[in-house]
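Student: Contents of protein.txt (compact mmCIF, C-alpha atoms and all ligand atoms) are below:
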```
# COMPACT_ATOMS: atom_id res chain seq x y z
CA MET A 1 38.45 43.16 -59.33
CA ASN A 2 39.04 42.07 -55.73
CA ILE A 3 42.68 41.66 -54.75
CA LEU A 4 43.67 39.68 -51.65
CA HIS A 5 47.00 41.24 -50.66
CA ILE A 6 49.06 39.19 -48.21
CA ASP A 7 52.40 40.18 -46.67
CA CYS A 8 54.60 37.94 -44.58
CA SER A 9 57.70 39.91 -43.60
CA PRO A 10 57.94 41.09 -39.98
CA ARG A 11 59.92 44.10 -41.24
CA PRO A 12 57.96 47.29 -42.01
CA GLU A 13 60.47 48.34 -44.69
CA SER A 14 60.96 45.09 -46.52
CA HIS A 15 61.85 43.98 -50.03
CA SER A 16 58.93 41.53 -50.29
CA ARG A 17 56.45 44.15 -49.03
CA ASP A 18 57.81 46.58 -51.58
CA LEU A 19 57.44 43.96 -54.32
CA SER A 20 53.88 42.95 -53.39
CA ALA A 21 52.82 46.62 -53.15
CA ALA A 22 54.24 47.23 -56.64
CA ILE A 23 52.32 44.22 -58.00
CA VAL A 24 49.08 45.52 -56.45
CA SER A 25 49.76 48.98 -57.96
CA HIS A 26 50.37 47.41 -61.35
CA LEU A 27 47.07 45.50 -61.20
CA SER A 28 45.20 48.58 -59.94
CA VAL A 29 46.41 50.80 -62.79
CA THR A 30 44.35 48.87 -65.32
CA ASP A 31 41.42 48.58 -62.91
CA PRO A 32 41.16 51.76 -60.81
CA ASP A 33 38.03 50.40 -59.08
CA ALA A 34 39.92 47.39 -57.76
CA SER A 35 39.32 46.72 -54.08
CA VAL A 36 41.99 45.32 -51.82
CA ILE A 37 41.54 42.96 -48.86
CA ARG A 38 44.61 43.01 -46.61
CA ARG A 39 46.11 40.14 -44.64
CA ASP A 40 49.30 41.34 -43.02
CA LEU A 41 50.61 38.08 -41.60
CA GLY A 42 54.00 39.62 -40.82
CA ARG A 43 52.48 42.27 -38.57
CA TYR A 44 49.48 40.27 -37.34
CA PRO A 45 50.47 36.58 -37.37
CA LEU A 46 47.75 33.94 -37.14
CA PRO A 47 47.91 31.40 -34.35
CA HIS A 48 49.41 28.06 -35.29
CA ALA A 49 46.83 25.29 -35.70
CA GLU A 50 45.29 24.99 -32.23
CA SER A 51 44.07 21.89 -30.41
CA ASP A 52 40.39 22.11 -31.47
CA TYR A 53 41.29 22.73 -35.11
CA ALA A 54 43.89 19.95 -35.20
CA THR A 55 41.41 17.58 -33.57
CA VAL A 56 38.58 18.22 -36.04
CA LEU A 57 41.01 17.76 -38.93
CA SER A 58 42.22 14.44 -37.54
CA SER A 59 39.47 12.25 -39.10
CA PRO A 60 36.46 12.55 -41.43
CA GLY A 61 34.10 12.00 -38.48
CA THR A 62 35.54 14.76 -36.29
CA LEU A 63 35.76 17.02 -39.33
CA ALA A 64 31.97 16.82 -39.79
CA GLU A 65 31.45 17.60 -36.07
CA GLY A 66 33.87 20.53 -36.21
CA VAL A 67 31.54 22.62 -38.32
CA SER A 68 28.98 22.73 -35.51
CA LYS A 69 31.64 23.21 -32.82
CA GLY A 70 32.89 26.41 -34.43
CA ALA A 71 36.48 25.14 -34.40
CA LEU A 72 36.69 25.92 -38.11
CA GLY A 73 35.74 29.60 -37.78
CA LEU A 74 39.15 31.09 -38.56
CA SER A 75 39.73 28.64 -41.39
CA GLU A 76 36.32 29.46 -42.84
CA GLN A 77 36.97 33.22 -42.66
CA LEU A 78 40.34 32.90 -44.41
CA ILE A 79 39.00 30.56 -47.10
CA GLN A 80 36.14 32.99 -47.79
CA GLU A 81 38.70 35.79 -48.28
CA VAL A 82 40.40 33.64 -50.92
CA GLU A 83 37.05 32.83 -52.54
CA ALA A 84 36.02 36.50 -52.62
CA ALA A 85 39.25 37.48 -54.40
CA ASP A 86 39.78 37.51 -58.15
CA VAL A 87 43.55 37.70 -57.69
CA LEU A 88 45.95 36.87 -54.86
CA VAL A 89 49.14 38.90 -54.34
CA ILE A 90 51.62 37.59 -51.80
CA GLY A 91 54.85 39.17 -50.59
CA THR A 92 57.06 36.72 -48.72
CA PRO A 93 60.66 36.35 -47.61
CA MET A 94 62.48 33.05 -48.02
CA ASN A 95 63.20 31.68 -44.56
CA ASN A 96 65.46 28.65 -44.27
CA PHE A 97 64.86 27.60 -47.87
CA THR A 98 61.07 27.82 -47.70
CA VAL A 99 58.10 29.99 -46.65
CA PRO A 100 58.13 31.75 -43.25
CA SER A 101 56.04 30.11 -40.54
CA VAL A 102 53.42 32.90 -40.67
CA LEU A 103 52.61 31.93 -44.26
CA LYS A 104 52.63 28.24 -43.36
CA ALA A 105 50.13 28.98 -40.53
CA TRP A 106 47.83 30.64 -43.10
CA ILE A 107 48.19 27.70 -45.50
CA ASP A 108 47.32 25.31 -42.64
CA GLN A 109 43.93 27.06 -42.40
CA ILE A 110 43.29 27.16 -46.16
CA LEU A 111 44.03 23.54 -47.11
CA ARG A 112 41.10 21.66 -45.61
CA MET A 113 39.76 18.29 -46.67
CA GLY A 114 36.12 18.42 -47.69
CA ARG A 115 36.17 22.22 -48.02
CA THR A 116 39.01 23.19 -50.35
CA ILE A 117 40.28 19.68 -51.13
CA GLY A 118 38.10 16.89 -52.50
CA VAL A 119 38.89 13.18 -52.67
CA SER A 120 37.75 10.87 -55.47
CA PRO A 121 36.35 7.41 -54.70
CA HIS A 122 39.83 6.11 -55.67
CA GLY A 123 41.53 8.32 -53.10
CA GLU A 124 42.90 10.93 -55.49
CA LYS A 125 42.87 14.49 -54.15
CA PHE A 126 41.60 17.40 -56.22
CA GLY A 127 41.17 21.12 -55.58
CA LEU A 128 37.73 22.57 -54.90
CA LEU A 129 38.54 26.28 -55.32
CA GLN A 130 38.07 28.07 -58.61
CA ASP A 131 41.45 28.80 -60.17
CA LYS A 132 42.62 32.44 -60.15
CA PRO A 133 45.94 34.21 -60.68
CA VAL A 134 48.35 34.14 -57.74
CA TYR A 135 51.38 36.49 -57.88
CA VAL A 136 54.13 35.79 -55.36
CA GLY A 137 56.87 38.37 -54.75
CA ILE A 138 59.75 36.65 -52.97
CA ALA A 139 62.73 38.31 -51.24
CA SER A 140 65.75 36.17 -50.43
CA GLY A 141 69.08 37.10 -48.90
CA GLY A 142 70.93 34.69 -51.21
CA VAL A 143 70.28 33.09 -54.58
CA PHE A 144 68.02 30.02 -54.75
CA THR A 145 66.87 29.87 -58.37
CA GLY A 146 68.58 30.21 -61.75
CA ASP A 147 72.12 29.37 -62.85
CA ARG A 148 73.71 31.01 -59.81
CA ALA A 149 71.61 29.19 -57.21
CA ARG A 150 73.68 28.24 -54.19
CA GLN A 151 71.01 26.80 -51.95
CA PRO A 152 67.98 24.50 -52.18
CA ASP A 153 64.56 25.86 -53.08
CA PHE A 154 61.69 24.39 -51.09
CA LEU A 155 59.65 27.58 -51.47
CA ILE A 156 58.47 27.63 -55.10
CA PRO A 157 57.88 23.84 -55.28
CA TYR A 158 56.08 23.92 -51.92
CA LEU A 159 53.75 26.81 -52.82
CA THR A 160 53.09 25.23 -56.22
CA ALA A 161 52.05 21.97 -54.56
CA ALA A 162 50.06 23.62 -51.73
CA PHE A 163 48.09 25.98 -53.97
CA GLY A 164 47.67 23.30 -56.64
CA CYS A 165 46.15 21.02 -54.02
CA VAL A 166 43.19 23.42 -53.59
CA GLY A 167 42.87 24.18 -57.31
CA LEU A 168 45.01 27.32 -57.61
CA ASN A 169 47.35 26.47 -60.48
CA SER A 170 47.90 29.86 -62.13
CA LEU A 171 50.95 31.02 -60.20
CA HIS A 172 53.57 33.59 -61.16
CA PHE A 173 56.69 33.99 -59.02
CA LEU A 174 58.82 37.14 -58.86
CA PRO A 175 62.01 36.31 -56.93
CA LEU A 176 64.10 39.30 -55.82
CA GLN A 177 67.31 37.54 -54.84
CA ALA A 178 70.55 38.40 -53.06
CA THR A 179 69.02 41.16 -50.96
CA ALA A 180 71.85 40.62 -48.44
CA PHE A 181 74.54 41.33 -51.02
CA LEU A 182 73.30 43.71 -53.69
CA GLY A 183 73.19 47.47 -53.32
CA HIS A 184 70.12 49.64 -53.57
CA ASP A 185 70.51 50.45 -57.26
CA GLU A 186 71.10 46.85 -58.35
CA LEU A 187 68.10 45.66 -56.33
CA ALA A 188 65.92 48.43 -57.77
CA ALA A 189 66.99 47.42 -61.30
CA ASN A 190 66.30 43.72 -60.61
CA ARG A 191 62.92 44.61 -59.12
CA ASP A 192 62.03 46.54 -62.28
CA VAL A 193 63.01 43.54 -64.43
CA LEU A 194 60.69 41.34 -62.37
CA LEU A 195 57.82 43.82 -62.55
CA ALA A 196 58.27 44.07 -66.33
CA THR A 197 57.24 40.39 -66.57
CA LEU A 198 53.78 41.21 -65.20
CA PRO A 199 51.91 42.17 -68.39
CA ALA A 200 52.84 38.89 -70.13
CA ALA A 201 52.26 36.95 -66.90
CA ARG A 202 48.82 38.50 -66.52
CA GLU A 203 47.87 37.25 -69.94
CA ALA A 204 49.32 33.79 -69.32
CA VAL A 205 48.01 33.14 -65.81
CA GLY A 206 44.75 34.98 -66.44
CA ALA A 207 44.04 32.86 -69.51
CA ALA A 208 45.00 29.67 -67.67
CA ALA A 209 42.68 30.52 -64.78
CA LEU A 210 39.80 31.25 -67.19
CA ARG A 211 40.23 27.86 -68.85
CA GLN A 212 39.55 26.04 -65.55
C1 LIG B 1 64.95 33.38 -40.06
C2 LIG B 1 65.49 33.77 -41.41
C3 LIG B 1 65.83 32.77 -42.31
C4 LIG B 1 66.32 33.12 -43.56
N1 LIG B 1 66.62 32.13 -44.44
C5 LIG B 1 67.07 32.43 -45.67
C6 LIG B 1 67.32 31.40 -46.62
O1 LIG B 1 67.13 30.21 -46.39
N2 LIG B 1 67.78 31.77 -47.84
C7 LIG B 1 68.00 33.08 -48.17
O2 LIG B 1 68.40 33.33 -49.30
N3 LIG B 1 67.76 34.08 -47.29
C8 LIG B 1 67.30 33.79 -46.05
N4 LIG B 1 67.02 34.79 -45.16
C9 LIG B 1 67.19 36.20 -45.58
C10 LIG B 1 65.88 36.81 -46.05
O3 LIG B 1 65.27 36.00 -47.04
C11 LIG B 1 66.14 38.20 -46.65
O4 LIG B 1 66.68 39.04 -45.65
C12 LIG B 1 64.89 38.82 -47.25
O5 LIG B 1 65.22 40.01 -47.93
C13 LIG B 1 63.87 39.14 -46.16
O6 LIG B 1 62.68 39.61 -46.76
P1 LIG B 1 62.13 41.09 -46.49
O7 LIG B 1 63.17 42.04 -47.04
O8 LIG B 1 60.85 41.15 -47.22
O9 LIG B 1 61.96 41.23 -45.00
C14 LIG B 1 66.52 34.49 -43.91
C15 LIG B 1 66.16 35.48 -42.99
C16 LIG B 1 65.65 35.12 -41.76
C17 LIG B 1 65.26 36.22 -40.78
```
If you took the structure in this file and wrote it as structure tokens, what would it be?
Tutor:
Amino acid sequence: MNILHIDCSPRPESHSRDLSAAIVSHLSVTDPDASVIRRDLGRYPLPHAESDYATVLSSPGTLAEGVSKGALGLSEQLIQEVEAADVLVIGTPMNNFTVPSVLKAWIDQILRMGRTIGVSPHGEKFGLLQDKPVYVGIASGGVFTGDRARQPDFLIPYLTAAFGCVGLNSLHFLPLQATAFLGHDELAANRDVLLATLPAAREAVGAAALRQ
């Protein structure tokens, strides 16, 4: 099993890093030979879409030329990391109701027309990647999901749409909420509750991915 392990927090000691590491450990227990590819976007952010990349993505004609110009090199490398993985594990904070910009910059390289997104003759988009499980550990200072939500959630719907667009539909979210308010023990207990959902989630998302 190849695991692509992505972290997005700029903080070395972070709740979302802790959560993603625990998910990777959980997956590795049942498969001790699992290999891990690391993308630490929090520590080593990608550049935002640069001029050449934005230009080749601006029309079907320039997109075809871009392959020879090498403007798609970073995008190609990142897409191949996703393709080489059997499972994706992402640790991310919620920033201003959605994903942090470092994760958005990664997504901007992964969602690419003609490579990871196809278009039918009628103009409908469909994903070109093989489905696989994607586990997302989220840390948020406040509460954005469930009965006690006090703020909008543009994170889970956004990631669901973005990954779905390329064919990754087997997502499982683990939101560790209220990190700004809860004490260490309460957060540790909530984290354990989230991690306890993994065995059932593995069956559900794994089976869904296999059906694709
Ligand atoms: C720029 C910024 C924006 C944030 N926006 C939100 C937000 O919209 N909602 C929320 O609940 N917490 C927000 N937070 C708090 C973080 O989600 C929280 O501190 C989280 O635990 C950070 O993740 P980490 O522990 O993995 O670093 C924000 C933090 C920062 C730095």
Student: Excluding Thr179 of chain A and residues on its chain fewer than 6 positions from it, collect all residues at most 7 Å away from it, counting all atoms listed in the file, and give them as an MDAnalysis selection string.
Tutor: chainID A and resid 139:142
Student: List all protein, DNA and RNA residues that have an atom no more than 10 Å from any atom of ligand LIG 1 (chain B), counting all atoms listed in the file, and report them as a ChimeraX atom specification.
Tutor: /A:7-20,42,91-101,137-145,149-155,176-181
Student: Mind writing the picked residues with C-alpha atoms as a compact mmCIF listing (two decimals), keeping the file's coordinate frame?
Tutor:
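result.txt, written as the output of this step:
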```txt
# COMPACT_ATOMS: atom_id res chain seq x y z
CA ASP A 7 52.40 40.18 -46.67
CA CYS A 8 54.60 37.94 -44.58
CA SER A 9 57.70 39.91 -43.60
CA PRO A 10 57.94 41.09 -39.98
CA ARG A 11 59.92 44.10 -41.24
CA PRO A 12 57.96 47.29 -42.01
CA GLU A 13 60.47 48.34 -44.69
CA SER A 14 60.96 45.09 -46.52
CA HIS A 15 61.85 43.98 -50.03
CA SER A 16 58.93 41.53 -50.29
CA ARG A 17 56.45 44.15 -49.03
CA ASP A 18 57.81 46.58 -51.58
CA LEU A 19 57.44 43.96 -54.32
CA SER A 20 53.88 42.95 -53.39
CA GLY A 42 54.00 39.62 -40.82
CA GLY A 91 54.85 39.17 -50.59
CA THR A 92 57.06 36.72 -48.72
CA PRO A 93 60.66 36.35 -47.61
CA MET A 94 62.48 33.05 -48.02
CA ASN A 95 63.20 31.68 -44.56
CA ASN A 96 65.46 28.65 -44.27
CA PHE A 97 64.86 27.60 -47.87
CA THR A 98 61.07 27.82 -47.70
CA VAL A 99 58.10 29.99 -46.65
CA PRO A 100 58.13 31.75 -43.25
CA SER A 101 56.04 30.11 -40.54
CA GLY A 137 56.87 38.37 -54.75
CA ILE A 138 59.75 36.65 -52.97
CA ALA A 139 62.73 38.31 -51.24
CA SER A 140 65.75 36.17 -50.43
CA GLY A 141 69.08 37.10 -48.90
CA GLY A 142 70.93 34.69 -51.21
CA VAL A 143 70.28 33.09 -54.58
CA PHE A 144 68.02 30.02 -54.75
CA THR A 145 66.87 29.87 -58.37
CA ALA A 149 71.61 29.19 -57.21
CA ARG A 150 73.68 28.24 -54.19
CA GLN A 151 71.01 26.80 -51.95
CA PRO A 152 67.98 24.50 -52.18
CA ASP A 153 64.56 25.86 -53.08
CA PHE A 154 61.69 24.39 -51.09
CA LEU A 155 59.65 27.58 -51.47
CA LEU A 176 64.10 39.30 -55.82
CA GLN A 177 67.31 37.54 -54.84
CA ALA A 178 70.55 38.40 -53.06
CA THR A 179 69.02 41.16 -50.96
CA ALA A 180 71.85 40.62 -48.44
CA PHE A 181 74.54 41.33 -51.02
```
Student: Quick one, how far is atom CA of Val87 of chain A from atom CA of Val56 of chain A?
Tutor: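 According to the coordinates, atom CA of Val87 of chain A and atom CA of Val56 of chain A are separated by 29.5 Å.
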Student: Which residue, A:Tyr44, A:Tyr53, A:Tyr135, A:Phe163, has the smallest gap to Arg202 of chain A when you use all atoms listed in the file?
Tutor: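 The closest residue to Arg202 of chain A is A:Tyr135.
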Student: Hey, can you check how far atom CA of Phe173 of chain A sits from atom CA of Gly114 of chain A?
Tutor: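 Separation of atom CA of Phe173 of chain A and atom CA of Gly114 of chain A: 28.2 Å.
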Student: Quick one: of A:Ile107, A:Ile6, A:Leu168, A:Ile23, who's nearest to Ala49 of chain A, counting all atoms listed in the file?
Tutor: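 So, comparing all the options, the nearest one is A:Ile107.
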Student: Write out as a list in words the residues lying within 12 Å of Gln77 of chain A, counting all atoms listed in the file and excluding same-chain residues fewer than 4 positions away.
Tutor: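 These residues fall inside the cut-off: Arg39, Gly70, Ala71, Leu72, Gly73, Glu81, Val82, Glu83, Ala84, Trp106, Gln109 and Ile110 of chain A.
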Student: For atom CA of Asp185 of chain A and atom CA of Leu41 of chain A, quote the distance in Å rounded to one decimal.
Tutor: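 Rounded to one decimal, the two atoms are 28.2 Å apart.
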